[in-house]
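Visitor: Next comes entry08.tsv, TSV, C-alpha atoms:
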```tsv
chain	number	residue	atom	x	y	z
A	26	MET	CA	-207.93	113.88	-64.23
A	27	GLU	CA	-206.59	114.22	-60.69
A	28	ALA	CA	-203.78	111.78	-61.50
A	29	ASN	CA	-202.79	113.88	-64.53
A	30	ARG	CA	-202.59	117.00	-62.36
A	31	LYS	CA	-200.40	115.24	-59.80
A	32	LEU	CA	-198.14	113.88	-62.54
A	33	GLY	CA	-197.90	117.33	-64.13
A	34	LYS	CA	-196.98	118.85	-60.78
A	35	ILE	CA	-194.31	116.21	-60.19
A	36	LEU	CA	-192.87	116.72	-63.67
A	37	ARG	CA	-192.78	120.50	-63.13
A	38	GLN	CA	-190.88	119.99	-59.87
A	39	ILE	CA	-188.41	117.70	-61.62
A	40	LEU	CA	-187.95	120.24	-64.40
A	41	ILE	CA	-187.27	123.00	-61.87
A	42	LEU	CA	-184.76	120.81	-60.07
A	43	PHE	CA	-183.24	119.93	-63.43
A	44	ILE	CA	-182.81	123.56	-64.50
A	45	PHE	CA	-181.52	124.98	-61.21
A	46	SER	CA	-179.02	122.25	-60.43
A	47	GLN	CA	-176.61	122.88	-63.28
A	48	THR	CA	-173.01	122.27	-62.35
A	49	ALA	CA	-170.11	123.86	-64.17
A	50	CYS	CA	-166.63	122.45	-64.57
A	51	SER	CA	-163.71	123.87	-66.48
A	52	ILE	CA	-161.76	121.91	-69.07
A	53	GLY	CA	-158.74	123.91	-70.08
A	54	LYS	CA	-160.03	127.39	-70.86
A	55	LYS	CA	-163.61	126.35	-71.62
A	56	VAL	CA	-166.34	126.05	-69.02
A	57	VAL	CA	-168.55	123.04	-69.62
A	58	THR	CA	-171.96	122.89	-68.00
A	59	THR	CA	-173.23	119.44	-67.13
A	60	ILE	CA	-176.77	118.78	-66.08
A	61	PRO	CA	-177.51	115.50	-64.37
A	62	PRO	CA	-180.60	113.67	-65.63
A	63	PRO	CA	-183.83	114.09	-63.64
A	64	ASP	CA	-183.70	110.59	-62.21
A	65	MET	CA	-180.26	111.23	-60.72
A	66	LEU	CA	-181.43	114.59	-59.40
A	67	LEU	CA	-184.21	112.94	-57.44
A	68	LEU	CA	-181.83	110.35	-55.98
A	69	MET	CA	-179.19	112.96	-55.15
A	70	LYS	CA	-181.73	115.20	-53.40
A	71	ALA	CA	-183.19	112.23	-51.51
A	72	LYS	CA	-179.70	111.18	-50.36
A	73	GLU	CA	-179.00	114.78	-49.24
A	74	TYR	CA	-182.23	114.82	-47.24
A	75	ILE	CA	-181.38	111.48	-45.63
A	76	ASP	CA	-177.93	112.74	-44.67
A	77	SER	CA	-179.37	115.97	-43.24
A	78	GLY	CA	-182.01	114.05	-41.27
A	79	ASP	CA	-185.11	115.16	-43.18
A	80	ILE	CA	-186.53	111.67	-43.61
A	81	LYS	CA	-190.05	112.68	-44.67
A	82	ARG	CA	-188.86	114.72	-47.65
A	83	ALA	CA	-186.44	112.00	-48.66
A	84	GLU	CA	-189.21	109.42	-48.56
A	85	GLU	CA	-191.46	111.63	-50.68
A	86	LEU	CA	-188.74	112.02	-53.32
A	87	LEU	CA	-188.02	108.29	-53.33
A	88	ASN	CA	-191.73	107.52	-53.74
A	89	LYS	CA	-191.82	109.90	-56.72
A	90	PHE	CA	-188.75	108.21	-58.18
A	91	VAL	CA	-190.28	104.75	-57.80
A	92	LEU	CA	-193.52	105.89	-59.47
A	93	ILE	CA	-191.94	107.83	-62.34
A	94	PHE	CA	-188.87	105.71	-63.16
A	95	PRO	CA	-189.73	102.00	-62.58
A	96	ALA	CA	-187.51	100.83	-65.45
A	97	ASN	CA	-184.47	102.87	-64.41
A	98	ARG	CA	-181.17	101.21	-63.59
A	99	ASN	CA	-181.10	103.04	-60.22
A	100	TYR	CA	-184.50	101.64	-59.22
A	101	PRO	CA	-182.99	98.99	-56.88
A	102	TYR	CA	-180.90	101.66	-55.16
A	103	ALA	CA	-184.03	103.79	-54.61
A	104	LEU	CA	-185.80	100.80	-53.05
A	105	TYR	CA	-182.71	100.19	-50.91
A	106	LEU	CA	-182.86	103.78	-49.67
A	107	LYS	CA	-186.58	103.35	-48.89
A	108	ALA	CA	-185.72	100.22	-46.91
A	109	GLU	CA	-183.01	102.11	-45.01
A	110	ILE	CA	-185.53	104.81	-44.10
A	111	ALA	CA	-188.04	102.21	-42.92
A	112	PHE	CA	-185.29	100.51	-40.90
A	113	ARG	CA	-184.26	103.80	-39.25
A	114	GLU	CA	-187.86	104.63	-38.36
A	115	GLY	CA	-188.47	101.22	-36.78
A	116	ARG	CA	-190.83	99.86	-39.46
A	117	TYR	CA	-188.92	96.61	-39.53
A	118	PHE	CA	-191.41	94.43	-41.41
A	119	LYS	CA	-191.65	96.96	-44.27
A	120	ALA	CA	-187.85	97.23	-44.34
A	121	TYR	CA	-187.60	93.43	-44.44
A	122	GLN	CA	-189.99	93.25	-47.40
A	123	LEU	CA	-188.13	95.99	-49.29
A	124	TYR	CA	-184.73	94.37	-48.66
A	125	LEU	CA	-186.08	91.07	-50.03
A	126	THR	CA	-187.38	92.87	-53.12
A	127	VAL	CA	-184.02	94.54	-53.73
A	128	LYS	CA	-182.14	91.29	-53.17
A	129	LYS	CA	-184.03	89.68	-56.08
A	130	MET	CA	-182.88	92.45	-58.46
A	131	LYS	CA	-179.56	92.92	-60.18
A	132	ILE	CA	-177.36	94.78	-57.67
A	133	SER	CA	-173.68	95.17	-56.82
A	134	GLU	CA	-171.82	92.75	-54.55
A	135	LYS	CA	-171.26	95.43	-51.92
A	136	LEU	CA	-174.96	96.26	-51.72
A	137	LEU	CA	-175.83	92.56	-51.67
A	138	ARG	CA	-173.56	92.00	-48.63
A	139	ILE	CA	-175.16	94.93	-46.79
A	140	ILE	CA	-178.66	93.66	-47.57
A	141	ASN	CA	-177.84	90.09	-46.48
A	142	HIS	CA	-176.51	91.42	-43.18
A	143	ARG	CA	-179.64	93.54	-42.63
A	144	LEU	CA	-181.91	90.62	-43.55
A	145	LEU	CA	-180.27	88.32	-41.01
A	146	PHE	CA	-180.60	90.96	-38.33
A	147	LEU	CA	-184.24	91.65	-39.19
A	148	GLN	CA	-185.11	87.94	-39.28
A	149	GLU	CA	-183.90	87.57	-35.70
A	150	LEU	CA	-185.57	90.80	-34.63
A	151	LEU	CA	-188.91	89.91	-36.20
A	152	LYS	CA	-188.76	86.39	-34.76
A	153	ILE	CA	-188.43	87.89	-31.29
A	154	LYS	CA	-191.04	90.61	-31.93
A	155	LYS	CA	-193.60	88.10	-33.20
A	156	TYR	CA	-193.97	86.73	-29.70
A	157	THR	CA	-193.62	89.96	-27.74
A	158	PHE	CA	-196.70	91.58	-29.28
A	159	LEU	CA	-199.03	88.65	-28.71
A	160	PRO	CA	-201.27	89.03	-25.68
A	161	ILE	CA	-200.16	86.89	-22.78
A	162	ARG	CA	-203.51	85.06	-22.76
A	163	ARG	CA	-202.88	83.73	-26.30
A	164	ILE	CA	-199.44	82.41	-25.39
A	165	PHE	CA	-200.53	81.07	-21.98
A	166	PRO	CA	-204.28	80.38	-22.13
A	167	ARG	CA	-204.53	79.52	-18.43
A	168	PHE	CA	-202.77	82.71	-17.30
A	169	PRO	CA	-204.84	84.45	-14.60
A	170	SER	CA	-206.16	87.87	-15.49
```
As structure tokens, please, write out the structure in this file.
Guide:
Amino acid sequence: MEANRKLGKILRQILILFIFSQTACSIGKKVVTTIPPPDMLLLMKAKEYIDSGDIKRAEELLNKFVLIFPANRNYPYALYLKAEIAFREGRYFKAYQLYLTVKKMKISEKLLRIINHRLLFLQELLKIKKYTFLPIRRIFPRFPS
């Protein structure tokens, strides 16, 4: 029951975004109103929040997108944006896992190059971090306390 309420609330928010984000363009003398689909609205809003620096709201929208539209063609891009947010916030292991997930999906060559670059960087970073967080006694058992 609680899950139905949350889903209803999310769908209402999407509908509100859908209605109030109409864009108009003129073709000759006629004005044509185009409304982007709700999945694109969520991604566009999330990207706007990322660009403006509101990471928490962007992550909330991306989580909604991932839950509501798992079969969408923009699903890998949403996961990529989630990985970018995790990378910016310093959650490197989560970013690494998300980049690997996106790499296994069907994506563009440009995005694949970016992800490969990030993965190489994170592999080196996590290799170094693995040893920096271990207590000194575990690395050097005879180290005096």
Visitor: Would you list the contacts of A:Ile93 as a ChimeraX atom specification, taking every protein, DNA or RNA residue within 12 Å and counting all atoms listed in the file, but skipping same-chain residues closer than 2 positions in sequence?
Guide: /A:31-33,35-36,39,63-64,67,86-91,95-97,100,103
Visitor: Check the smallest atom-to-atom distance from each of A:Phe112, A:Tyr102, A:Phe118, A:Phe94 to A:Leu137 using only C-alpha atoms, then report the winner.
Guide: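 Smallest separation from A:Leu137 among the options: A:Tyr102.
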Visitor: Enter the distance from atom CA of A:Ala108 to atom CA of A:Leu123, in Å, rounded to one decimal.
Guide: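 Between these atoms lies a distance of 5.4 Å.
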Visitor: What gap, in Å, lies between atom CA of A:Arg143 and atom CA of A:Arg116?
Guide: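 We find that atom CA of A:Arg143 and atom CA of A:Arg116 lie 13.2 Å from each other.
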Visitor: To one decimal place, how far is atom CA of A:Leu66 from atom CA of A:Ile132 in Å?
Guide: 20.3 Å
Visitor: Restricting the calculation to only C-alpha atoms, which member of A:Tyr121, A:Glu73, A:Ile80, A:Glu109 is positioned closest to A:Glu149?
Guide: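 Nearest candidate to A:Glu149 out of A:Tyr121, A:Glu73, A:Ile80, A:Glu109: A:Tyr121.
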Visitor: Restricting the calculation to only C-alpha atoms: of A:Ile139, A:Ala111, A:Leu144, A:Leu68, which residue gets closest to A:Leu125?
Guide: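 The closest residue to A:Leu125 is A:Leu144.
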